[in-house]
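Asks: my_file-v3.csv is reproduced below (CSV, C-alpha atoms and all ligand atoms).
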chain,number,residue,atom,x,y,z
A,285,MET,CA,-28.2,8.9,-39.8
A,286,VAL,CA,-25.1,10.3,-41.5
A,287,LYS,CA,-23.6,7.9,-44.0
A,288,SER,CA,-19.8,7.5,-44.1
A,289,LYS,CA,-18.4,8.8,-47.3
A,290,SER,CA,-16.7,5.5,-48.2
A,291,THR,CA,-19.7,3.4,-47.7
A,292,THR,CA,-21.2,2.2,-51.0
A,293,SER,CA,-24.5,0.6,-51.2
A,294,ILE,CA,-26.5,-1.6,-53.6
A,295,ALA,CA,-30.0,-0.4,-54.4
A,296,THR,CA,-33.2,-2.3,-54.2
A,297,GLN,CA,-34.6,-3.2,-57.6
A,298,THR,CA,-37.3,-5.3,-59.2
A,299,ALA,CA,-37.1,-6.5,-62.8
A,300,ALA,CA,-38.7,-9.2,-65.0
A,301,GLY,CA,-36.7,-12.2,-63.8
A,302,TYR,CA,-35.3,-11.1,-60.4
A,303,ARG,CA,-35.5,-8.8,-57.4
A,304,VAL,CA,-32.5,-7.2,-55.7
A,305,LEU,CA,-32.7,-6.4,-52.0
A,306,GLY,CA,-30.4,-3.5,-51.3
A,307,GLY,CA,-27.5,-3.7,-48.9
A,308,ARG,CA,-23.9,-2.6,-48.3
A,309,SER,CA,-21.5,-3.6,-51.0
A,310,ASP,CA,-18.9,-4.1,-48.2
A,311,ALA,CA,-21.1,-6.3,-46.1
A,312,GLY,CA,-18.8,-9.2,-47.0
A,313,ILE,CA,-21.7,-11.4,-48.2
A,314,VAL,CA,-24.1,-11.7,-51.2
A,315,LEU,CA,-27.2,-13.7,-50.6
A,316,LEU,CA,-28.9,-15.6,-53.4
A,317,CYS,CA,-32.2,-17.3,-53.6
A,318,ASP,CA,-32.6,-19.1,-56.9
A,319,HIS,CA,-35.9,-20.8,-56.0
A,320,ALA,CA,-37.6,-18.0,-54.2
A,321,SER,CA,-41.0,-18.0,-55.9
A,322,ASN,CA,-43.7,-20.3,-57.2
A,323,ALA,CA,-45.2,-17.5,-59.3
A,324,LEU,CA,-45.5,-17.8,-63.1
A,325,PRO,CA,-45.8,-15.0,-65.6
A,326,ALA,CA,-49.5,-14.6,-66.6
A,327,GLU,CA,-49.0,-15.8,-70.1
A,328,PHE,CA,-47.9,-19.2,-68.9
A,329,GLY,CA,-51.0,-19.9,-66.8
A,330,THR,CA,-50.1,-22.8,-64.5
A,331,LEU,CA,-48.0,-24.6,-67.2
A,332,GLY,CA,-51.0,-27.0,-67.3
A,333,LEU,CA,-50.5,-28.1,-63.7
A,334,ALA,CA,-53.1,-28.2,-60.9
A,335,ASN,CA,-52.7,-25.3,-58.5
A,336,SER,CA,-51.9,-27.7,-55.7
A,337,GLU,CA,-48.8,-28.8,-57.7
A,338,LEU,CA,-47.6,-25.2,-57.6
A,339,GLN,CA,-47.7,-25.2,-53.8
A,340,ARG,CA,-45.2,-28.0,-53.6
A,341,HIS,CA,-41.4,-28.0,-53.6
A,342,ILE,CA,-41.4,-28.8,-57.3
A,343,ALA,CA,-42.4,-25.2,-57.9
A,344,TYR,CA,-40.1,-23.4,-55.4
A,345,ASP,CA,-38.1,-23.7,-52.2
A,346,ILE,CA,-40.6,-23.3,-49.4
A,347,GLY,CA,-39.4,-20.7,-46.8
A,348,ALA,CA,-36.2,-19.8,-48.7
A,349,ALA,CA,-37.3,-16.3,-49.8
A,350,ALA,CA,-38.3,-15.2,-46.3
A,351,ILE,CA,-35.1,-16.5,-44.8
A,352,THR,CA,-33.1,-14.6,-47.4
A,353,GLU,CA,-35.1,-11.4,-46.7
A,354,HIS,CA,-34.4,-11.7,-43.0
A,355,LEU,CA,-30.7,-12.4,-43.5
A,356,SER,CA,-30.5,-9.4,-45.9
A,357,ARG,CA,-31.9,-7.1,-43.2
A,358,MET,CA,-29.9,-8.6,-40.3
A,359,LEU,CA,-26.6,-8.5,-42.1
A,360,GLY,CA,-27.2,-5.4,-44.1
A,361,ALA,CA,-26.3,-7.5,-47.2
A,362,PRO,CA,-27.5,-7.3,-50.8
A,363,ALA,CA,-29.6,-10.3,-52.0
A,364,VAL,CA,-30.8,-11.4,-55.4
A,365,LEU,CA,-34.0,-13.5,-55.6
A,366,SER,CA,-35.7,-15.1,-58.5
A,367,ARG,CA,-39.3,-13.9,-59.2
A,368,TYR,CA,-40.6,-17.0,-61.0
A,369,SER,CA,-40.9,-20.7,-60.4
A,370,ARG,CA,-38.1,-23.1,-61.2
A,371,LEU,CA,-40.7,-24.9,-63.3
A,372,LEU,CA,-40.6,-22.0,-65.8
A,373,ILE,CA,-36.8,-22.2,-65.9
A,374,ASP,CA,-34.3,-23.4,-63.2
A,375,ILE,CA,-32.1,-20.5,-62.4
A,376,ASN,CA,-29.7,-22.8,-60.6
A,377,ARG,CA,-28.6,-24.6,-63.8
A,378,GLY,CA,-26.3,-23.8,-66.7
A,379,ASP,CA,-28.2,-22.7,-69.8
A,380,ASP,CA,-27.1,-25.9,-71.6
A,381,ASP,CA,-28.2,-28.2,-68.8
A,382,PRO,CA,-30.8,-30.8,-69.8
A,383,THR,CA,-32.7,-30.1,-66.6
A,384,LEU,CA,-32.9,-26.4,-67.2
A,385,ILE,CA,-36.6,-26.7,-68.1
A,386,MET,CA,-38.1,-29.8,-66.6
A,387,ARG,CA,-40.7,-31.9,-68.4
A,388,LEU,CA,-41.2,-34.1,-65.3
A,389,SER,CA,-40.5,-33.2,-61.7
A,390,ASP,CA,-40.9,-35.6,-58.8
A,391,GLY,CA,-43.6,-37.6,-60.5
A,392,ALA,CA,-45.5,-34.6,-62.0
A,393,VAL,CA,-45.7,-34.2,-65.8
A,394,ILE,CA,-45.4,-30.5,-66.7
A,395,PRO,CA,-47.6,-30.1,-69.7
A,396,GLY,CA,-46.5,-26.5,-70.5
A,397,ASN,CA,-42.9,-27.7,-70.9
A,398,ALA,CA,-43.5,-30.9,-72.8
A,399,GLN,CA,-43.4,-29.6,-76.4
A,400,LEU,CA,-41.0,-26.7,-76.0
A,401,THR,CA,-39.4,-25.5,-79.3
A,402,THR,CA,-35.8,-24.3,-79.5
A,403,VAL,CA,-37.1,-20.7,-80.0
A,404,GLU,CA,-39.3,-20.9,-76.9
A,405,ARG,CA,-36.5,-22.4,-74.9
A,406,ARG,CA,-34.2,-19.6,-76.0
A,407,GLN,CA,-36.9,-17.0,-75.1
A,408,ARG,CA,-37.2,-18.3,-71.6
A,409,ILE,CA,-33.4,-18.2,-71.2
A,410,ASN,CA,-33.2,-14.6,-72.5
A,411,THR,CA,-36.2,-13.2,-70.6
A,412,TYR,CA,-35.9,-15.0,-67.2
A,413,TRP,CA,-32.6,-16.8,-66.8
A,414,LYS,CA,-30.1,-14.4,-68.2
A,415,PRO,CA,-31.3,-11.2,-66.4
A,416,TYR,CA,-31.1,-13.0,-63.1
A,417,HIS,CA,-27.5,-14.0,-63.7
A,418,ASP,CA,-26.6,-10.6,-65.1
A,419,ALA,CA,-28.0,-9.1,-61.9
A,420,VAL,CA,-26.0,-11.5,-59.7
A,421,ALA,CA,-22.8,-10.6,-61.7
A,422,ARG,CA,-23.4,-6.9,-61.2
A,423,VAL,CA,-24.0,-7.2,-57.5
A,424,VAL,CA,-20.9,-9.4,-57.1
A,425,ALA,CA,-18.8,-7.0,-59.1
A,426,ASN,CA,-20.0,-4.0,-57.0
A,427,CYS,CA,-19.2,-5.9,-53.8
A,428,ARG,CA,-15.7,-6.9,-55.0
A,429,ALA,CA,-15.1,-3.3,-56.0
A,430,SER,CA,-15.8,-2.2,-52.4
A,431,GLY,CA,-12.5,-3.7,-51.5
A,432,ARG,CA,-14.0,-6.5,-49.4
A,433,ALA,CA,-14.5,-9.7,-51.2
A,434,PRO,CA,-17.9,-11.1,-50.5
A,435,VAL,CA,-18.8,-14.7,-49.7
A,436,ILE,CA,-21.7,-16.0,-51.7
A,437,PHE,CA,-24.5,-17.6,-49.6
A,438,SER,CA,-27.1,-19.4,-51.7
A,439,VAL,CA,-30.3,-20.1,-49.8
A,440,HIS,CA,-32.4,-23.2,-50.6
A,441,SER,CA,-34.7,-25.6,-48.8
A,442,MET,CA,-35.1,-29.4,-49.1
A,443,THR,CA,-38.1,-31.7,-48.6
A,444,ASN,CA,-38.3,-33.5,-45.3
A,445,VAL,CA,-39.1,-36.8,-47.0
A,446,TRP,CA,-37.6,-38.0,-50.3
A,447,LYS,CA,-39.0,-41.1,-52.0
A,448,GLY,CA,-40.5,-42.2,-48.7
A,449,VAL,CA,-37.4,-41.8,-46.6
A,450,PRO,CA,-37.4,-39.1,-43.9
A,451,ARG,CA,-34.4,-36.7,-44.0
A,452,PRO,CA,-32.6,-36.4,-40.7
A,453,TRP,CA,-30.7,-33.1,-41.4
A,454,HIS,CA,-32.2,-29.9,-40.0
A,455,VAL,CA,-29.9,-28.0,-42.2
A,456,SER,CA,-27.2,-29.0,-44.7
A,457,ILE,CA,-24.2,-27.2,-46.1
A,458,LEU,CA,-23.4,-28.1,-49.7
A,459,TRP,CA,-20.1,-27.1,-51.2
A,460,SER,CA,-17.9,-28.0,-54.2
A,461,ASP,CA,-14.1,-28.0,-53.9
A,462,ASP,CA,-13.5,-25.0,-51.7
A,463,ASP,CA,-14.4,-25.7,-48.1
A,464,ARG,CA,-13.3,-22.3,-46.6
A,465,LEU,CA,-16.8,-21.1,-45.9
A,466,ALA,CA,-18.4,-24.6,-45.6
A,467,ALA,CA,-16.0,-25.7,-42.8
A,468,ALA,CA,-16.7,-22.6,-40.7
A,469,LEU,CA,-20.4,-23.0,-41.1
A,470,LEU,CA,-20.4,-26.7,-40.3
A,471,ASP,CA,-18.5,-25.9,-37.1
A,472,GLY,CA,-21.0,-23.2,-36.3
A,473,PHE,CA,-24.1,-25.2,-36.7
A,474,ARG,CA,-22.6,-28.3,-35.1
A,475,ALA,CA,-21.8,-26.3,-32.0
A,476,ASP,CA,-25.5,-27.0,-31.2
A,477,ASP,CA,-25.6,-30.6,-30.2
A,478,ALA,CA,-29.4,-30.7,-30.9
A,479,LEU,CA,-28.9,-30.1,-34.6
A,480,VAL,CA,-28.3,-32.7,-37.3
A,481,VAL,CA,-26.1,-31.0,-39.9
A,482,GLY,CA,-25.6,-32.4,-43.3
A,483,ASP,CA,-22.2,-32.0,-45.0
A,484,ASN,CA,-22.8,-32.3,-48.8
A,485,GLN,CA,-25.9,-34.4,-48.0
A,486,PRO,CA,-28.4,-35.4,-49.3
A,487,TYR,CA,-26.3,-34.5,-52.4
A,488,HIS,CA,-23.0,-33.1,-53.3
A,489,GLY,CA,-22.7,-29.3,-53.8
A,490,SER,CA,-20.7,-29.6,-57.0
A,491,LEU,CA,-22.8,-29.0,-60.2
A,492,GLU,CA,-21.2,-27.7,-63.3
A,493,GLY,CA,-22.9,-24.6,-64.5
A,494,ASP,CA,-25.0,-23.9,-61.4
A,495,THR,CA,-25.2,-20.5,-59.8
A,496,LEU,CA,-22.1,-20.8,-57.6
A,497,TRP,CA,-20.2,-22.4,-60.4
A,498,GLN,CA,-21.0,-19.3,-62.5
A,499,HIS,CA,-20.5,-16.5,-60.0
A,500,ALA,CA,-18.2,-17.7,-57.1
A,501,ARG,CA,-15.7,-19.9,-58.8
A,502,PRO,CA,-14.4,-17.5,-61.5
A,503,HIS,CA,-13.5,-15.0,-58.8
A,504,ASN,CA,-12.3,-17.5,-56.2
A,505,LEU,CA,-15.0,-16.3,-53.8
A,506,ARG,CA,-15.9,-18.4,-50.8
A,507,SER,CA,-19.4,-19.9,-51.2
A,508,VAL,CA,-21.9,-22.4,-50.0
A,509,THR,CA,-25.4,-23.6,-50.7
A,510,ILE,CA,-27.4,-24.0,-47.6
A,511,GLU,CA,-30.5,-26.3,-47.5
A,512,TYR,CA,-33.0,-25.8,-44.7
A,513,ARG,CA,-35.5,-28.7,-44.2
A,514,GLN,CA,-38.9,-27.5,-45.3
A,515,ASP,CA,-40.9,-28.7,-42.3
A,516,LEU,CA,-38.8,-26.3,-40.2
A,517,VAL,CA,-39.1,-23.2,-42.3
A,518,GLY,CA,-42.7,-23.4,-43.5
A,519,THR,CA,-43.9,-20.9,-40.9
A,520,VAL,CA,-43.2,-17.3,-40.2
A,521,ASP,CA,-41.7,-18.2,-36.8
A,522,GLY,CA,-39.6,-20.9,-38.3
A,523,GLN,CA,-38.2,-18.6,-41.0
A,524,ARG,CA,-37.3,-16.0,-38.5
A,525,HIS,CA,-35.8,-18.4,-36.1
A,526,TRP,CA,-33.6,-20.1,-38.7
A,527,ALA,CA,-32.5,-16.7,-40.1
A,528,CYS,CA,-31.5,-15.6,-36.5
A,529,VAL,CA,-29.5,-18.8,-36.0
A,530,THR,CA,-27.8,-18.5,-39.3
A,531,ALA,CA,-27.0,-14.8,-38.9
A,532,ALA,CA,-25.5,-15.5,-35.5
A,533,ILE,CA,-23.2,-18.1,-37.0
A,534,LEU,CA,-22.4,-16.0,-40.1
A,535,GLU,CA,-21.5,-12.8,-38.4
A,536,PRO,CA,-18.3,-13.9,-36.6
A,537,ILE,CA,-17.3,-15.9,-39.7
A,538,LEU,CA,-17.6,-12.8,-41.9
A,539,SER,CA,-15.6,-10.7,-39.4
A,540,SER,CA,-12.8,-13.2,-39.3
A,541,PHE,CA,-12.7,-13.4,-43.1
A,542,ASP,CA,-12.6,-9.7,-43.4
A,543,LEU,CA,-9.2,-9.5,-41.6
A,544,ARG,CA,-7.6,-11.9,-44.0
A,545,ALA,CA,-5.5,-11.0,-47.0
A,546,ARG,CA,-7.5,-10.4,-50.2
A,547,THR,CA,-6.8,-12.5,-53.3
A,548,PRO,CA,-5.0,-11.1,-56.3
A,549,GLY,CA,-8.4,-11.3,-58.1
A,550,ASP,CA,-10.0,-9.0,-55.5
A,551,GLN,CA,-7.1,-6.6,-55.8
A,552,ARG,CA,-7.6,-6.4,-59.5
A,553,ALA,CA,-11.3,-5.7,-59.0
A,554,VAL,CA,-10.5,-3.0,-56.5
A,555,ALA,CA,-8.0,-1.4,-58.9
A,556,ALA,CA,-10.6,-1.6,-61.7
A,557,ALA,CA,-13.1,0.4,-59.7
A,558,THR,CA,-13.1,3.9,-61.0
A,559,ASP,CA,-13.1,7.1,-59.0
A,560,GLN,CA,-12.6,5.4,-55.7
A,561,GLU,CA,-9.2,6.5,-54.6
A,562,GLN,CA,-9.7,5.6,-51.0
A,563,ILE,CA,-10.1,1.9,-51.8
A,564,MET,CA,-7.1,1.7,-54.2
A,565,SER,CA,-5.1,0.6,-51.2
A,566,THR,CA,-5.3,-3.2,-51.1
A,567,SER,CA,-5.9,-3.3,-47.4
A,568,PRO,CA,-8.3,-0.6,-46.5
A,569,ALA,CA,-8.1,0.3,-42.8
A,570,PRO,CA,-11.2,-0.8,-40.9
A,571,THR,CA,-13.2,2.0,-39.5
A,572,ARG,CA,-13.6,2.5,-35.8
A,573,THR,CA,-17.2,1.4,-36.2
A,574,GLU,CA,-16.2,-1.8,-37.8
A,575,LEU,CA,-13.8,-2.5,-35.0
A,576,GLU,CA,-16.4,-1.8,-32.4
A,577,ALA,CA,-18.9,-4.0,-34.2
A,578,ALA,CA,-16.4,-6.8,-34.3
A,579,VAL,CA,-15.8,-6.5,-30.6
A,580,TYR,CA,-19.6,-6.5,-29.9
A,581,ARG,CA,-19.9,-9.7,-32.0
A,582,ARG,CA,-17.1,-11.4,-29.9
A,583,LEU,CA,-18.9,-10.3,-26.7
A,584,VAL,CA,-22.1,-11.9,-27.9
A,585,ALA,CA,-20.4,-15.0,-29.2
A,586,HIS,CA,-18.6,-15.3,-25.9
A,587,LEU,CA,-21.9,-15.0,-23.9
A,588,ARG,CA,-23.4,-17.7,-26.2
A,589,GLU,CA,-20.5,-20.0,-25.5
A,590,ARG,CA,-21.0,-19.5,-21.7
A,591,PRO,CA,-24.7,-20.2,-21.1
A,592,ASP,CA,-23.7,-21.4,-17.6
A,593,VAL,CA,-23.1,-17.7,-16.7
A,594,GLN,CA,-26.6,-16.8,-15.5
A,595,ASN,CA,-28.2,-13.4,-16.2
A,596,ILE,CA,-28.9,-12.9,-12.5
A,597,ASP,CA,-25.2,-13.3,-11.7
A,598,LEU,CA,-24.3,-10.8,-14.4
A,599,MET,CA,-26.9,-8.4,-12.9
A,600,ASN,CA,-25.7,-8.8,-9.4
A,601,LEU,CA,-22.0,-8.4,-10.3
A,602,ALA,CA,-22.2,-5.8,-13.0
A,603,GLY,CA,-25.7,-4.4,-13.2
A,604,PHE,CA,-26.3,-5.6,-16.7
A,605,CYS,CA,-27.1,-8.8,-18.4
A,606,ARG,CA,-28.0,-10.3,-21.9
A,607,ASN,CA,-31.4,-8.7,-21.7
A,608,CYS,CA,-29.8,-5.3,-21.3
A,609,LEU,CA,-27.9,-5.9,-24.6
A,610,GLY,CA,-31.3,-6.6,-26.2
A,611,ASN,CA,-32.8,-3.5,-24.7
A,612,TRP,CA,-29.8,-1.4,-25.9
A,613,MET,CA,-30.2,-2.8,-29.4
A,614,GLN,CA,-33.9,-2.1,-29.4
A,615,GLU,CA,-33.3,1.5,-28.2
A,616,GLU,CA,-30.6,2.1,-30.7
A,617,SER,CA,-32.7,0.6,-33.6
A,618,ALA,CA,-35.5,3.0,-32.7
A,619,ARG,CA,-33.1,5.9,-32.5
A,620,GLN,CA,-31.7,5.1,-35.9
A,621,GLY,CA,-35.2,4.9,-37.5
A,622,VAL,CA,-35.4,1.1,-38.0
A,623,PRO,CA,-37.2,0.0,-34.9
A,624,MET,CA,-37.0,-3.7,-33.8
A,625,SER,CA,-39.4,-5.5,-31.5
A,626,LYS,CA,-38.2,-6.5,-28.1
A,627,ASP,CA,-38.4,-10.1,-29.0
A,628,ALA,CA,-36.4,-9.6,-32.2
A,629,ALA,CA,-33.7,-7.6,-30.4
A,630,ARG,CA,-33.5,-10.3,-27.7
A,631,GLU,CA,-33.3,-13.0,-30.3
A,632,ALA,CA,-30.4,-11.1,-32.0
A,633,VAL,CA,-28.5,-11.4,-28.7
A,634,TYR,CA,-29.4,-14.9,-27.7
A,635,GLY,CA,-29.3,-16.4,-31.2
A,636,MET,CA,-32.7,-18.0,-30.5
A,637,PRO,CA,-36.0,-16.9,-29.1
A,638,TYR,CA,-35.5,-15.7,-25.5
A,639,GLU,CA,-38.0,-18.3,-24.1
A,640,GLN,CA,-36.1,-21.1,-25.8
A,641,TRP,CA,-32.8,-19.9,-24.2
A,642,ARG,CA,-34.5,-19.7,-20.8
A,643,SER,CA,-35.9,-23.2,-20.9
A,644,LYS,CA,-32.5,-24.5,-22.2
A,645,HIS,CA,-30.1,-22.6,-20.0
A,646,GLN,CA,-31.6,-20.7,-17.2
A,647,THR,CA,-31.5,-22.3,-13.8
A,648,ALA,CA,-33.7,-21.4,-10.9
A,649,ALA,CA,-32.2,-18.6,-8.9
A,650,THR,CA,-30.9,-19.6,-5.5
A,651,ALA,CA,-32.1,-17.8,-2.4
A,652,GLU,CA,-28.7,-16.1,-2.2
A,653,GLN,CA,-28.8,-14.9,-5.8
A,654,GLN,CA,-32.4,-13.6,-5.3
A,655,ALA,CA,-31.4,-11.8,-2.1
A,656,ALA,CA,-28.5,-10.1,-3.7
A,657,PHE,CA,-30.7,-9.2,-6.7
A,658,ASP,CA,-33.3,-7.7,-4.3
A,659,THR,CA,-30.7,-5.7,-2.4
A,660,ASN,CA,-29.1,-4.2,-5.4
A,661,LYS,CA,-32.4,-3.6,-7.1
A,662,PRO,CA,-30.9,-3.0,-10.5
A,663,HIS,CA,-33.0,-1.3,-13.1
A,664,ASP,CA,-35.9,-2.4,-15.2
A,665,HIS,CA,-35.8,-6.2,-14.8
A,701,ZN,ZN,-33.4,-24.8,-54.3
Output the structure of this file as structure tokens.
Replies:
Amino acid sequence: MVKSKSTTSIATQTAAGYRVLGGRSDAGIVLLCDHASNALPAEFGTLGLANSELQRHIAYDIGAAAITEHLSRMLGAPAVLSRYSRLLIDINRGDDDPTLIMRLSDGAVIPGNAQLTTVERRQRINTYWKPYHDAVARVVANCRASGRAPVIFSVHSMTNVWKGVPRPWHVSILWSDDDRLAAALLDGFRADDALVVGDNQPYHGSLEGDTLWQHARPHNLRSVTIEYRQDLVGTVDGQRHWACVTAAILEPILSSFDLRARTPGDQRAVAAATDQEQIMSTSPAPTRTELEAAVYRRLVAHLRERPDVQNIDLMNLAGFCRNCLGNWMQEESARQGVPMSKDAAREAVYGMPYEQWRSKHQTAATAEQQAAFDTNKPHDH
């Protein structure tokens, strides 16, 4: 595949406290996963905890890393993930926050954190916390310099029960005082009546010093934290499903943001980028490919809003249907050297597994529809 000259990309990288998943700096989004891993560096052992404690949410956000990886691939977006447990140090806290290194978490005493000296605390900050935040700052700066301000999307998961009370929300959007991205996402998720969507529930998204506070607020970047309920995202299928649902909601939002005026802060970042004359203009013209991609997304969004339009009617009238779009995506992905499975390609079109869409929206074909279908005998269906 020939890369356009103006496309800049962020490279995949693994370091002591973090991993970066590569992506386009002009993807319009940076993904973060602060609580990606329950691993601990060898010298810390298990921090004195039973292994079973490290499998619980106190150690990490179950499912969040896999969802972040899927979203990074689906959106072509860079992502930064932590490599170690929040029990070692909580990346999503300011370095002066008293809960940065927990002595007690959800009833469990953490022996390895109980007697921490000031020097040990400083060491953990310098070795594991600071490199992560430096990496996020670099990725965000590179993205801003592309001329397209990114939103910051911070992926977390929450327990399904808290202090004995079940949580009703499938997914929750947490935000602080800027609702630009949150409002659009809430609309997107709530379009599905079957979902219970939290709005700053079970807690408010404003936490001084947290990751978004550090990296979104200073640049006036739109941002949210998303919490998926752990019982939904504990399996490979659940992770893939929720990533697909989320990508389908995010894509049109990102396209609509892209057309809006950039903030003075973004313009300064663009101007500061060296050796990139083509992006000195504050409103870089979209490429033909970007326009075509935006039109495709609108087509898909439209088809999702009109599940009453049956595939068989599309086939009879026009000789193509939603499954053809899935086939085309699968064929194109193979041609471009990143093959997708048929199921994954279909899910990208339907926004959910095909079987789920069928059981939700597909009606039995009438004799008339079936007769027309048989007469026309369209291709491989
Ligand atoms: Zn979390």
Asks: Please report the interatomic distance between atom CA of Ala478 of chain A and atom CA of Trp446 of chain A in Å with one decimal.
Replies: 22.3 Å
Asks: Would you mind listing what lies within 8 Å of segment 574-589 of chain A as a ChimeraX atom specification, with only C-alpha atoms counted and same-chain residues fewer than 3 positions away left out?
Replies: /A:535-536,539,570-571,593,606,633-635
Asks: Please compute the atom CA of Cys427 of chain A-atom CA of Asp318 of chain A distance, one decimal, in Å.
Replies: 19.1 Å
Asks: Return as an MDAnalysis selection string the residues of protein, DNA or RNA that approach ligand ZN 701 (chain A) to within 7 Å, with only C-alpha atoms and all ligand atoms taken into account.
Replies: chainID A and resid 318:319 344:345 440:441
Asks: Restricting the output to C-alpha atoms, write the selected residues as a PDB file, keeping the file's coordinate frame.
Replies:
ATOM      1  CA  ASP A 318     -32.600 -19.100 -56.900  1.00  0.00           C
ATOM      2  CA  HIS A 319     -35.900 -20.800 -56.000  1.00  0.00           C
ATOM      3  CA  TYR A 344     -40.100 -23.400 -55.400  1.00  0.00           C
ATOM      4  CA  ASP A 345     -38.100 -23.700 -52.200  1.00  0.00           C
ATOM      5  CA  HIS A 440     -32.400 -23.200 -50.600  1.00  0.00           C
ATOM      6  CA  SER A 441     -34.700 -25.600 -48.800  1.00  0.00           C
TER       7      SER A 441
END
Asks: Using atom CA of Pro637 of chain A and atom CA of Arg451 of chain A as the two end points, give the distance in Å to one decimal.
Replies: 24.8 Å
Asks: Set the distance at 7 Å and use all atoms listed in the file: which residues neighbour Ser366 of chain A once local chain neighbours fewer than 5 positions away are removed? I'd like the list as a PyMOL selection string.
Replies: chain A and resi 301-303+317-321+416
Asks: Name the residues in contact with segment 458-470 of chain A at a cut-off of 10 Å, using all atoms listed in the file, excluding same-chain residues fewer than 4 positions from it; report them as a ChimeraX atom specification.
Replies: /A:435-438,474-475,481-492,496-497,501,504-511,530,533-534,536-538,541
Asks: Using all atoms listed in the file for the distances, tell me which of A:Cys605, A:Val364, A:Ile596, A:Leu315 is nearest to Thr650 of chain A.
Replies: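 Closest residue, counting all atoms listed in the file: A:Ile596.
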Asks: Taking 5 positions as the minimum chain separation for residues in the same chain, which residues sit within 10 Å of Gly522 of chain A when counting only C-alpha atoms? Answer as a list in words.
Replies: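 After dropping sequence-adjacent residues, the list is Gly347, Ala350, Ile351, Gln514, Asp515, Leu516, Val517, Ala527 and Cys528 of chain A.
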Asks: What would the file look like if the residues just selected were written as a PDB file, in the coordinates of the input with C-alpha atoms?
Replies:
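This is the output file selection31.pdb:
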ATOM      1  CA  GLY A 347     -39.400 -20.700 -46.800  1.00  0.00           C
ATOM      2  CA  ALA A 350     -38.300 -15.200 -46.300  1.00  0.00           C
ATOM      3  CA  ILE A 351     -35.100 -16.500 -44.800  1.00  0.00           C
ATOM      4  CA  GLN A 514     -38.900 -27.500 -45.300  1.00  0.00           C
ATOM      5  CA  ASP A 515     -40.900 -28.700 -42.300  1.00  0.00           C
ATOM      6  CA  LEU A 516     -38.800 -26.300 -40.200  1.00  0.00           C
ATOM      7  CA  VAL A 517     -39.100 -23.200 -42.300  1.00  0.00           C
ATOM      8  CA  ALA A 527     -32.500 -16.700 -40.100  1.00  0.00           C
ATOM      9  CA  CYS A 528     -31.500 -15.600 -36.500  1.00  0.00           C
TER      10      CYS A 528
END
Asks: From the list A:Glu652, A:Asp390, A:Asp418, A:Asp477, which residue is nearest Val445 of chain A when using only C-alpha atoms?
Replies: A:Asp390
Asks: Of the candidates A:Ser643, A:Gly493, A:His454, A:Val304, which shows the shortest atom-to-atom distance to Thr383 of chain A, using only C-alpha atoms?
Replies: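 Using only C-alpha atoms, Thr383 of chain A sits closest to A:Gly493.
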Asks: Taking all atoms listed in the file into account, which of A:Asp521, A:Ser625, A:Ala363, A:Val424 comes nearest Thr298 of chain A?
Replies: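 Closest candidate: A:Ala363.
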Asks: Determine, counting only C-alpha atoms, which protein, DNA and RNA residues have an atom within 8 Å of an atom of Met613 of chain A; residues of the same chain fewer than 4 positions away are not included. Present the result as a list of chain:residue names.
Replies: A:Leu609, A:Ser617, A:Ala629
Asks: Using only C-alpha atoms, which of the listed residues (A:Ala651, A:Ala500, A:Leu365, A:Ala656) sits closest to Leu598 of chain A?
Replies: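 The shortest atom-to-atom distance to Leu598 of chain A comes from A:Ala656.
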